[in-house]
>>> print(open('coords_13.cif').read())   # mmCIF, C-alpha atoms
data_run
loop_
_atom_site.label_atom_id
_atom_site.label_comp_id
_atom_site.auth_asym_id
_atom_site.auth_seq_id
_atom_site.Cartn_x
_atom_site.Cartn_y
_atom_site.Cartn_z
CA MET A 225 57.01 -10.93 127.90
CA LYS A 226 60.19 -9.51 129.37
CA ARG A 227 63.14 -11.69 130.34
CA ASP A 228 62.57 -11.28 134.11
CA GLU A 229 58.91 -12.14 133.70
CA ARG A 230 59.85 -15.28 131.79
CA VAL A 231 62.19 -16.27 134.62
CA VAL A 232 59.38 -15.87 137.17
CA ALA A 233 56.94 -17.82 134.99
CA ALA A 234 59.47 -20.63 134.45
CA ALA A 235 60.27 -20.88 138.17
CA LEU A 236 56.60 -21.04 139.12
CA GLY A 237 55.94 -23.56 136.33
CA VAL A 238 58.69 -25.84 137.66
CA SER A 239 57.19 -25.51 141.13
CA ILE A 240 53.73 -26.53 139.88
CA LEU A 241 55.05 -29.54 137.96
CA ALA A 242 57.20 -30.67 140.90
CA ALA A 243 54.33 -30.35 143.38
CA LEU A 244 51.93 -32.30 141.16
CA THR A 245 54.54 -35.01 140.61
CA LEU A 246 55.10 -35.13 144.37
CA PHE A 247 51.37 -35.73 144.85
CA VAL A 248 51.50 -38.64 142.37
CA VAL A 249 54.54 -40.13 144.16
CA TYR A 250 52.66 -39.94 147.48
CA VAL A 251 49.58 -41.63 146.00
CA ARG A 252 51.67 -44.45 144.50
CA GLY A 253 53.24 -45.39 147.82
CA GLY A 254 56.00 -42.85 148.28
CA ASN A 255 59.74 -42.72 147.73
CA PRO A 256 61.78 -40.73 150.29
CA GLN A 257 64.53 -39.73 147.84
CA ALA A 258 62.12 -38.63 145.12
CA GLU A 259 59.90 -36.85 147.64
CA GLY A 260 62.84 -34.85 148.98
CA ALA A 261 64.02 -33.80 145.53
CA LEU A 262 60.53 -32.86 144.34
CA LEU A 263 59.77 -30.91 147.50
CA ALA A 264 63.03 -28.99 147.06
CA LEU A 265 62.08 -28.13 143.46
CA ALA A 266 58.56 -27.09 144.43
CA LEU A 267 59.65 -24.82 147.26
CA GLY A 268 62.73 -23.60 145.40
CA GLY A 269 60.65 -22.64 142.37
CA VAL A 270 58.31 -20.53 144.48
CA GLY A 271 61.25 -18.96 146.29
CA ILE A 272 63.14 -18.03 143.12
CA GLY A 273 59.97 -16.72 141.48
CA LEU A 274 59.14 -14.45 144.40
CA LEU A 275 62.73 -13.27 144.70
CA VAL A 276 63.00 -12.23 141.04
CA TRP A 277 59.52 -10.71 141.18
CA ALA A 278 60.43 -8.57 144.18
CA LYS A 279 63.85 -7.54 142.86
CA ARG A 280 63.16 -6.98 139.17
CA LEU A 281 59.45 -6.49 138.61
CA MET A 282 58.22 -4.51 141.60
CA PRO A 283 58.37 -0.73 140.99
CA HIS A 284 61.06 1.13 142.91
CA ILE A 285 59.42 4.42 143.76
CA ARG A 286 61.48 7.49 144.48
CA ASP A 287 60.53 11.12 145.01
CA GLU A 288 61.12 13.52 142.16
CA THR A 289 60.46 17.24 142.04
CA GLN A 290 60.37 19.60 139.10
CA PRO A 291 60.16 23.37 139.04
CA ARG A 292 56.69 24.67 138.41
CA SER A 293 56.39 26.46 135.13
CA LYS A 294 53.90 27.37 132.52
CA THR A 295 53.32 24.58 130.05
CA ALA A 296 52.32 24.85 126.43
CA PRO A 297 49.31 22.98 125.09
CA ALA A 298 49.96 19.27 124.39
CA THR A 299 51.08 18.52 120.91
CA GLU A 300 49.95 15.61 118.76
CA ALA A 301 53.21 13.81 119.55
CA ASP A 302 52.59 14.22 123.29
CA ARG A 303 49.10 12.75 122.97
CA GLU A 304 50.39 9.77 120.97
CA ALA A 305 53.11 9.17 123.58
CA ALA A 306 50.51 9.22 126.36
CA VAL A 307 48.31 6.70 124.53
CA GLU A 308 51.30 4.42 123.94
CA THR A 309 52.24 4.60 127.60
CA MET A 310 48.71 3.65 128.67
CA GLU A 311 48.56 0.75 126.21
CA SER A 312 51.90 -0.60 127.43
CA GLY A 313 50.65 -0.28 130.99
CA VAL A 314 47.57 -2.34 130.20
CA GLU A 315 49.75 -5.02 128.60
CA GLU A 316 51.98 -5.06 131.67
CA ILE A 317 48.95 -5.50 133.93
CA ARG A 318 47.87 -8.47 131.83
CA ARG A 319 51.31 -10.04 132.13
CA ARG A 320 51.36 -9.50 135.89
CA ARG A 321 47.88 -11.03 136.13
CA PHE A 322 49.21 -14.14 134.38
CA LEU A 323 52.13 -14.34 136.83
CA SER A 324 49.73 -13.92 139.75
CA ARG A 325 47.70 -16.84 138.50
CA MET A 326 50.88 -18.88 138.17
CA LEU A 327 51.74 -18.07 141.78
CA ILE A 328 48.28 -19.12 142.94
CA GLY A 329 48.64 -22.33 140.94
CA ALA A 330 52.00 -23.10 142.59
CA ALA A 331 50.50 -22.55 146.04
CA GLY A 332 47.53 -24.76 145.18
CA ALA A 333 49.75 -27.55 143.86
CA LEU A 334 51.82 -27.48 147.06
CA GLY A 335 48.63 -27.60 149.10
CA LEU A 336 47.44 -30.61 147.10
CA ALA A 337 50.74 -32.42 147.68
CA ALA A 338 50.45 -31.68 151.40
CA LEU A 339 47.07 -33.44 151.65
CA ILE A 340 48.54 -36.95 151.59
CA PRO A 341 51.01 -36.49 154.50
CA ILE A 342 48.31 -34.71 156.51
CA ARG A 343 45.84 -37.50 155.77
CA SER A 344 48.42 -40.12 156.78
CA LEU A 345 48.40 -38.77 160.33
CA GLY A 346 45.17 -40.70 160.74
CA ARG A 347 42.76 -40.58 163.61
CA SER A 348 43.59 -40.38 167.28
CA PRO A 349 44.66 -43.78 168.68
CA GLY A 350 41.96 -43.47 171.33
CA ASP A 351 42.18 -46.34 173.83
CA SER A 352 44.08 -48.64 171.44
CA LEU A 353 47.22 -48.14 173.58
CA VAL A 354 45.35 -49.29 176.68
CA HIS A 355 43.71 -52.50 175.46
CA THR A 356 45.11 -55.54 173.65
CA LYS A 357 43.49 -58.52 171.89
CA TRP A 358 43.00 -60.45 175.11
CA THR A 359 39.35 -60.91 176.03
CA PRO A 360 37.56 -63.08 178.62
CA GLY A 361 37.60 -66.68 177.41
CA ALA A 362 40.35 -66.19 174.82
CA ARG A 363 42.38 -69.40 174.56
CA LEU A 364 46.15 -69.24 175.02
CA VAL A 365 48.03 -70.52 171.98
CA THR A 366 51.64 -70.60 170.80
CA ALA A 367 52.98 -68.54 167.88
CA GLU A 368 52.11 -71.50 165.63
CA GLY A 369 48.51 -71.51 166.90
CA THR A 370 48.85 -74.65 169.05
CA PRO A 371 46.58 -74.48 172.12
CA VAL A 372 48.38 -74.38 175.45
CA THR A 373 47.04 -76.73 178.13
CA GLU A 374 47.66 -77.31 181.81
CA SER A 375 50.18 -80.03 181.00
CA THR A 376 52.14 -78.06 178.38
CA LEU A 377 54.65 -76.63 180.85
CA GLU A 378 56.71 -78.31 183.52
CA THR A 379 57.70 -76.47 186.67
CA GLY A 380 60.56 -74.05 185.91
CA SER A 381 59.75 -73.72 182.20
CA PHE A 382 58.13 -70.94 180.17
CA THR A 383 56.71 -70.21 176.73
CA THR A 384 55.37 -67.28 174.71
CA VAL A 385 51.60 -67.23 174.19
CA PHE A 386 49.07 -65.22 172.20
CA PRO A 387 45.27 -64.96 172.15
CA GLU A 388 43.83 -67.47 169.71
CA GLY A 389 43.30 -65.86 166.32
CA PHE A 390 45.85 -63.13 166.96
CA GLU A 391 49.10 -65.08 166.82
CA GLY A 392 52.00 -62.69 166.39
CA SER A 393 50.16 -59.67 167.81
CA ALA A 394 52.98 -57.45 169.10
CA ASP A 395 51.12 -55.86 172.02
CA SER A 396 49.30 -59.06 173.04
CA GLN A 397 52.29 -61.37 173.41
CA ALA A 398 52.71 -62.79 176.92
CA VAL A 399 55.14 -65.02 178.77
CA LEU A 400 53.58 -68.03 180.50
CA ILE A 401 55.69 -69.45 183.33
CA ARG A 402 55.12 -72.37 185.70
CA VAL A 403 56.42 -72.25 189.26
CA GLU A 404 55.52 -73.98 192.50
CA PRO A 405 52.13 -72.57 193.54
CA ASP A 406 53.24 -71.85 197.12
CA GLN A 407 56.13 -69.70 195.85
CA LEU A 408 53.93 -67.04 194.32
CA GLN A 409 53.67 -63.80 196.31
CA LEU A 410 50.95 -62.11 194.30
CA PRO A 411 48.37 -59.67 195.72
CA PRO A 412 45.13 -61.36 196.80
CA ASP A 413 43.22 -59.91 193.85
CA ARG A 414 45.67 -61.48 191.39
CA ILE A 415 46.48 -64.86 192.88
CA ALA A 416 43.27 -66.32 191.40
CA GLY A 417 44.58 -65.44 187.94
CA ALA A 418 47.60 -67.74 188.37
CA PRO A 419 46.10 -71.22 188.87
CA ASP A 420 48.32 -74.15 189.82
CA GLY A 421 51.48 -72.02 189.65
CA LEU A 422 50.82 -70.93 186.04
CA VAL A 423 51.40 -67.17 185.81
CA ALA A 424 51.44 -65.00 182.69
CA TYR A 425 52.93 -61.55 182.20
CA SER A 426 53.23 -59.18 179.26
CA LYS A 427 56.34 -59.93 177.23
CA ILE A 428 56.92 -56.23 176.49
CA CYS A 429 59.47 -54.56 178.76
CA THR A 430 58.15 -51.51 180.61
CA HIS A 431 61.35 -49.58 179.91
CA ALA A 432 61.75 -49.30 176.13
CA GLY A 433 59.29 -51.88 174.80
CA CYS A 434 61.76 -54.64 173.93
CA PRO A 435 60.45 -58.22 174.09
CA LEU A 436 61.69 -60.16 177.08
CA GLY A 437 63.84 -63.07 175.97
CA LEU A 438 65.36 -64.76 179.00
CA TYR A 439 63.90 -66.59 182.01
CA LEU A 440 66.29 -67.31 184.87
CA ALA A 441 64.66 -70.34 186.43
CA ALA A 442 67.07 -70.50 189.38
CA THR A 443 66.10 -67.02 190.59
CA HIS A 444 62.62 -66.89 189.01
CA GLU A 445 63.43 -63.74 187.04
CA LEU A 446 62.60 -62.45 183.57
CA ARG A 447 65.32 -60.38 181.90
CA CYS A 448 65.17 -57.96 178.99
CA PRO A 449 68.05 -58.31 176.49
CA CYS A 450 68.09 -54.60 175.56
CA HIS A 451 69.00 -52.88 178.84
CA GLN A 452 69.06 -55.80 181.28
CA SER A 453 65.89 -54.86 183.17
CA THR A 454 65.05 -57.80 185.42
CA PHE A 455 61.64 -58.69 186.87
CA ASP A 456 60.75 -60.93 189.82
CA VAL A 457 58.24 -63.49 188.52
CA LEU A 458 57.14 -64.57 191.99
CA ASP A 459 56.46 -61.03 193.23
CA GLY A 460 54.16 -59.73 190.52
CA ALA A 461 57.00 -59.16 187.97
CA ARG A 462 58.33 -56.31 190.09
CA PRO A 463 61.51 -54.75 188.59
CA VAL A 464 64.55 -55.67 190.70
CA TYR A 465 67.32 -54.48 188.40
CA GLY A 466 67.77 -52.14 185.46
CA PRO A 467 65.93 -49.04 184.24
CA ALA A 468 62.39 -50.46 183.99
CA PRO A 469 60.13 -48.16 186.06
CA LYS A 470 57.18 -50.46 186.76
CA PRO A 471 56.17 -54.15 186.95
CA LEU A 472 55.09 -56.18 183.96
CA PRO A 473 51.28 -56.27 183.60
CA GLN A 474 49.82 -59.64 184.57
CA LEU A 475 47.46 -61.59 182.32
CA PRO A 476 44.84 -63.33 184.50
CA ILE A 477 44.18 -66.88 183.30
CA GLU A 478 42.17 -69.93 184.27
CA ILE A 479 42.21 -73.65 183.57
CA ALA A 480 39.11 -74.61 181.60
CA ASP A 481 37.27 -77.89 182.03
CA ASP A 482 39.00 -79.35 178.97
CA GLY A 483 42.42 -78.51 180.43
CA SER A 484 43.08 -75.58 178.09
CA LEU A 485 44.25 -72.26 179.44
CA ARG A 486 42.01 -69.27 178.86
CA ALA A 487 42.26 -65.58 179.70
CA LEU A 488 39.98 -64.05 182.29
CA GLY A 489 40.37 -60.66 180.64
CA ASP A 490 42.98 -58.21 179.45
CA PHE A 491 46.29 -57.39 181.15
CA SER A 492 46.09 -55.82 184.61
CA ASP A 493 47.67 -52.59 183.29
CA PRO A 494 48.51 -51.04 179.90
CA VAL A 495 51.45 -52.85 178.33
CA GLY A 496 54.79 -51.45 177.25
CA PRO A 497 56.74 -48.37 178.32
CA GLY A 498 55.00 -45.99 180.65
CA PHE A 499 56.22 -42.72 179.12
CA TRP A 500 53.21 -42.33 176.81
CA GLU A 501 50.88 -42.42 179.84
CA GLN A 502 52.43 -39.19 181.17
CA ALA A 503 50.76 -36.96 178.60
#
>>> encode(input="coords_13.cif", output="structure tokens")
Amino acid sequence: MKRDERVVAAALGVSILAALTLFVVYVRGGNPQAEGALLALALGGVGIGLLVWAKRLMPHIRDETQPRSKTAPATEADREAAVETMESGVEEIRRRRFLSRMLIGAAGALGLAALIPIRSLGRSPGDSLVHTKWTPGARLVTAEGTPVTESTLETGSFTTVFPEGFEGSADSQAVLIRVEPDQLQLPPDRIAGAPDGLVAYSKICTHAGCPLGLYLAATHELRCPCHQSTFDVLDGARPVYGPAPKPLPQLPIEIADDGSLRALGDFSDPVGPGFWEQA
């Protein structure tokens, strides 16, 4: 095998080994630094192999003309030279066939390594962005799993609640606030979901998805610590300041016979930022 052919074979061999190793790294959980280095080797090996192949091994055809003249019969030496040329050509074809198989192997190894990232894209989220863990009858509990009852909150206080069994669920977290019942200015179809001045809203800001962390009892406002979006608790959590584009979704609740608070259903609207709804 000629020197240039050995260079092509070595480059494609490095590419195959790097791509297979990259596949193993993916399967074992991944490592960004190793993945980047292996991907560079895999692609670089293919690139170098093709470059040398095109520059050094591909025939460079040029036109040649010779004057037409009478030729003598071929001698024994001419026939031996012709046979040698044909045999060397066959050997060259075999070597090129080997390099072609190496190139196909490099492409296949890269394709194998690409399966894991493609598979990690997963299925379409479907309606998972629209619904949370809240269901009719779900009991309101704290982050520690303690049930929240009618007497848990005093007027002017608030707490974070989750559906029972899903404590810590990021998209299901809600803020439960207690105000004077006659202060609420909710639409008629939502006032029933705020019994005895107990009203619950999604804790996820509708601007960038930050969790709300401050309740201003004096003005009955919820404020986001990220960009200072402020929501009017009494008026359906309507945004009154900051970049939030829409109100916080309300969680309709009821007071059960045992005094516990239970959800009447899911939030009134999809929770979180509204930009993903504009697809």
>>> resolve_selection(input="coords_13.cif", expression="the PyMOL selection byres ((chain A and resi 391-393) around 9)", output="list in words")
Thr356, Lys357, Val365, Thr366, Ala367, Glu368, Gly369, Val385, Phe386, Pro387, Glu388, Gly389, Phe390, Ala394, Asp395, Ser396 and Gln397 of chain A
>>> atom_distance(input="coords_13.cif", atom1="atom CA of Val495 of chain A", atom2="atom CA of Asp420 of chain A")
24.4 Å
>>> residues_around(input="coords_13.cif", residues="segment 471-479 of chain A", least_positions_apart="4", cutoff="8 Å", atoms="all atoms listed in the file", output="ChimeraX atom specification")
/A:373-374,398,414,416-419,423-430,455,460-463,483-495
>>> write_last_selection(input="coords_13.cif", atoms="C-alpha atoms", output="PDB file, in the coordinates of the input")
ATOM      1  CA  THR A 373      47.040 -76.730 178.130  1.00  0.00           C
ATOM      2  CA  GLU A 374      47.660 -77.310 181.810  1.00  0.00           C
ATOM      3  CA  ALA A 398      52.710 -62.790 176.920  1.00  0.00           C
ATOM      4  CA  ARG A 414      45.670 -61.480 191.390  1.00  0.00           C
ATOM      5  CA  ALA A 416      43.270 -66.320 191.400  1.00  0.00           C
ATOM      6  CA  GLY A 417      44.580 -65.440 187.940  1.00  0.00           C
ATOM      7  CA  ALA A 418      47.600 -67.740 188.370  1.00  0.00           C
ATOM      8  CA  PRO A 419      46.100 -71.220 188.870  1.00  0.00           C
ATOM      9  CA  VAL A 423      51.400 -67.170 185.810  1.00  0.00           C
ATOM     10  CA  ALA A 424      51.440 -65.000 182.690  1.00  0.00           C
ATOM     11  CA  TYR A 425      52.930 -61.550 182.200  1.00  0.00           C
ATOM     12  CA  SER A 426      53.230 -59.180 179.260  1.00  0.00           C
ATOM     13  CA  LYS A 427      56.340 -59.930 177.230  1.00  0.00           C
ATOM     14  CA  ILE A 428      56.920 -56.230 176.490  1.00  0.00           C
ATOM     15  CA  CYS A 429      59.470 -54.560 178.760  1.00  0.00           C
ATOM     16  CA  THR A 430      58.150 -51.510 180.610  1.00  0.00           C
ATOM     17  CA  PHE A 455      61.640 -58.690 186.870  1.00  0.00           C
ATOM     18  CA  GLY A 460      54.160 -59.730 190.520  1.00  0.00           C
ATOM     19  CA  ALA A 461      57.000 -59.160 187.970  1.00  0.00           C
ATOM     20  CA  ARG A 462      58.330 -56.310 190.090  1.00  0.00           C
ATOM     21  CA  PRO A 463      61.510 -54.750 188.590  1.00  0.00           C
ATOM     22  CA  GLY A 483      42.420 -78.510 180.430  1.00  0.00           C
ATOM     23  CA  SER A 484      43.080 -75.580 178.090  1.00  0.00           C
ATOM     24  CA  LEU A 485      44.250 -72.260 179.440  1.00  0.00           C
ATOM     25  CA  ARG A 486      42.010 -69.270 178.860  1.00  0.00           C
ATOM     26  CA  ALA A 487      42.260 -65.580 179.700  1.00  0.00           C
ATOM     27  CA  LEU A 488      39.980 -64.050 182.290  1.00  0.00           C
ATOM     28  CA  GLY A 489      40.370 -60.660 180.640  1.00  0.00           C
ATOM     29  CA  ASP A 490      42.980 -58.210 179.450  1.00  0.00           C
ATOM     30  CA  PHE A 491      46.290 -57.390 181.150  1.00  0.00           C
ATOM     31  CA  SER A 492      46.090 -55.820 184.610  1.00  0.00           C
ATOM     32  CA  ASP A 493      47.670 -52.590 183.290  1.00  0.00           C
ATOM     33  CA  PRO A 494      48.510 -51.040 179.900  1.00  0.00           C
ATOM     34  CA  VAL A 495      51.450 -52.850 178.330  1.00  0.00           C
TER      35      VAL A 495
END
>>> residues_around(input="coords_13.cif", residues="Ala337 of chain A", least_positions_apart="6", cutoff="9 Å", atoms="only C-alpha atoms", output="JSON, numbers by chain")
{"A": [243, 244, 245, 246, 247, 248, 250]}
>>> write_last_selection(input="coords_13.cif", atoms="C-alpha atoms", output="JSON list (two decimals), in the frame of the given file")
[["chain", "number", "residue", "atom", "x", "y", "z"],
["A", 243, "ALA", "CA", 54.33, -30.35, 143.38],
["A", 244, "LEU", "CA", 51.93, -32.30, 141.16],
["A", 245, "THR", "CA", 54.54, -35.01, 140.61],
["A", 246, "LEU", "CA", 55.10, -35.13, 144.37],
["A", 247, "PHE", "CA", 51.37, -35.73, 144.85],
["A", 248, "VAL", "CA", 51.50, -38.64, 142.37],
["A", 250, "TYR", "CA", 52.66, -39.94, 147.48]]
>>> atom_distance(input="coords_13.cif", atom1="atom CA of Leu408 of chain A", atom2="atom CA of Gly421 of chain A")
7.3 Å
>>> resolve_selection(input="coords_13.cif", expression="the PyMOL selection byres ((chain A and resi 242) around 10)", output="PyMOL selection string")
chain A and resi 236-241+243-248+259+261-267+269+330+333-334+337
>>> atom_distance(input="coords_13.cif", atom1="atom CA of Thr383 of chain A", atom2="atom CA of Tyr439 of chain A")
9.6 Å
>>> resolve_selection(input="coords_13.cif", expression="the PyMOL selection byres ((chain A and resi 464) around 12)", output="VMD selection string")
chain A and resid 443 to 448 452 to 463 465 to 472
>>> closest_residue(input="coords_13.cif", among="A:Cys434, A:Leu400, A:Leu440, A:Ala233", to="Arg321 of chain A", atoms="all atoms listed in the file")
A:Ala233
>>> decode(input="coords_13.cif", residues="segment 329-389 of chain A", atoms="C-alpha atoms", output="PDB file, in the first residue's frame")
ATOM      1  CA  GLY A 329     -17.374   2.133   7.969  1.00  0.00           C
ATOM      2  CA  ALA A 330     -16.531   5.673   9.144  1.00  0.00           C
ATOM      3  CA  ALA A 331     -19.886   6.957   7.902  1.00  0.00           C
ATOM      4  CA  GLY A 332     -21.695   4.076   9.611  1.00  0.00           C
ATOM      5  CA  ALA A 333     -19.883   4.647  12.909  1.00  0.00           C
ATOM      6  CA  LEU A 334     -20.816   8.338  12.831  1.00  0.00           C
ATOM      7  CA  GLY A 335     -24.414   7.391  12.112  1.00  0.00           C
ATOM      8  CA  LEU A 336     -24.400   4.997  15.067  1.00  0.00           C
ATOM      9  CA  ALA A 337     -23.047   7.701  17.373  1.00  0.00           C
ATOM     10  CA  ALA A 338     -25.762  10.066  16.149  1.00  0.00           C
ATOM     11  CA  LEU A 339     -28.537   7.668  17.198  1.00  0.00           C
ATOM     12  CA  ILE A 340     -28.291   8.505  20.903  1.00  0.00           C
ATOM     13  CA  PRO A 341     -28.677  12.316  20.563  1.00  0.00           C
ATOM     14  CA  ILE A 342     -31.511  11.814  18.077  1.00  0.00           C
ATOM     15  CA  ARG A 343     -33.203   9.354  20.431  1.00  0.00           C
ATOM     16  CA  SER A 344     -32.800  11.779  23.345  1.00  0.00           C
ATOM     17  CA  LEU A 345     -35.093  14.255  21.592  1.00  0.00           C
ATOM     18  CA  GLY A 346     -37.924  12.065  22.821  1.00  0.00           C
ATOM     19  CA  ARG A 347     -41.556  12.263  21.902  1.00  0.00           C
ATOM     20  CA  SER A 348     -43.615  15.386  21.414  1.00  0.00           C
ATOM     21  CA  PRO A 349     -44.660  16.926  24.758  1.00  0.00           C
ATOM     22  CA  GLY A 350     -48.287  16.781  23.632  1.00  0.00           C
ATOM     23  CA  ASP A 351     -50.557  18.487  26.163  1.00  0.00           C
ATOM     24  CA  SER A 352     -48.084  18.127  29.053  1.00  0.00           C
ATOM     25  CA  LEU A 353     -47.457  21.902  28.889  1.00  0.00           C
ATOM     26  CA  VAL A 354     -51.178  22.584  29.290  1.00  0.00           C
ATOM     27  CA  HIS A 355     -52.066  20.374  32.259  1.00  0.00           C
ATOM     28  CA  THR A 356     -50.501  19.998  35.705  1.00  0.00           C
ATOM     29  CA  LYS A 357     -50.930  17.452  38.523  1.00  0.00           C
ATOM     30  CA  TRP A 358     -53.991  19.183  39.919  1.00  0.00           C
ATOM     31  CA  THR A 359     -57.158  17.115  39.573  1.00  0.00           C
ATOM     32  CA  PRO A 360     -60.667  17.451  41.045  1.00  0.00           C
ATOM     33  CA  GLY A 361     -60.548  16.455  44.710  1.00  0.00           C
ATOM     34  CA  ALA A 362     -56.764  16.731  45.052  1.00  0.00           C
ATOM     35  CA  ARG A 363     -55.931  17.861  48.595  1.00  0.00           C
ATOM     36  CA  LEU A 364     -53.761  20.942  49.090  1.00  0.00           C
ATOM     37  CA  VAL A 365     -50.603  20.165  51.058  1.00  0.00           C
ATOM     38  CA  THR A 366     -47.397  22.000  51.951  1.00  0.00           C
ATOM     39  CA  ALA A 367     -43.967  21.107  50.552  1.00  0.00           C
ATOM     40  CA  GLU A 368     -43.549  18.771  53.543  1.00  0.00           C
ATOM     41  CA  GLY A 369     -46.832  17.006  52.731  1.00  0.00           C
ATOM     42  CA  THR A 370     -48.837  18.547  55.596  1.00  0.00           C
ATOM     43  CA  PRO A 371     -52.509  18.990  54.634  1.00  0.00           C
ATOM     44  CA  VAL A 372     -53.718  22.578  54.461  1.00  0.00           C
ATOM     45  CA  THR A 373     -57.034  23.296  56.174  1.00  0.00           C
ATOM     46  CA  GLU A 374     -59.414  26.219  56.411  1.00  0.00           C
ATOM     47  CA  SER A 375     -57.758  27.364  59.635  1.00  0.00           C
ATOM     48  CA  THR A 376     -54.153  27.109  58.393  1.00  0.00           C
ATOM     49  CA  LEU A 377     -53.983  30.708  57.171  1.00  0.00           C
ATOM     50  CA  GLU A 378     -54.921  33.937  58.863  1.00  0.00           C
ATOM     51  CA  THR A 379     -56.139  36.908  56.873  1.00  0.00           C
ATOM     52  CA  GLY A 380     -53.195  38.608  55.145  1.00  0.00           C
ATOM     53  CA  SER A 381     -50.976  35.507  55.117  1.00  0.00           C
ATOM     54  CA  PHE A 382     -49.975  33.096  52.355  1.00  0.00           C
ATOM     55  CA  THR A 383     -48.263  29.763  51.800  1.00  0.00           C
ATOM     56  CA  THR A 384     -47.054  27.565  48.933  1.00  0.00           C
ATOM     57  CA  VAL A 385     -49.144  24.467  48.246  1.00  0.00           C
ATOM     58  CA  PHE A 386     -48.935  21.370  46.053  1.00  0.00           C
ATOM     59  CA  PRO A 387     -51.335  18.579  45.099  1.00  0.00           C
ATOM     60  CA  GLU A 388     -51.062  15.720  47.570  1.00  0.00           C
ATOM     61  CA  GLY A 389     -48.613  13.123  46.316  1.00  0.00           C
TER      62      GLY A 389
END
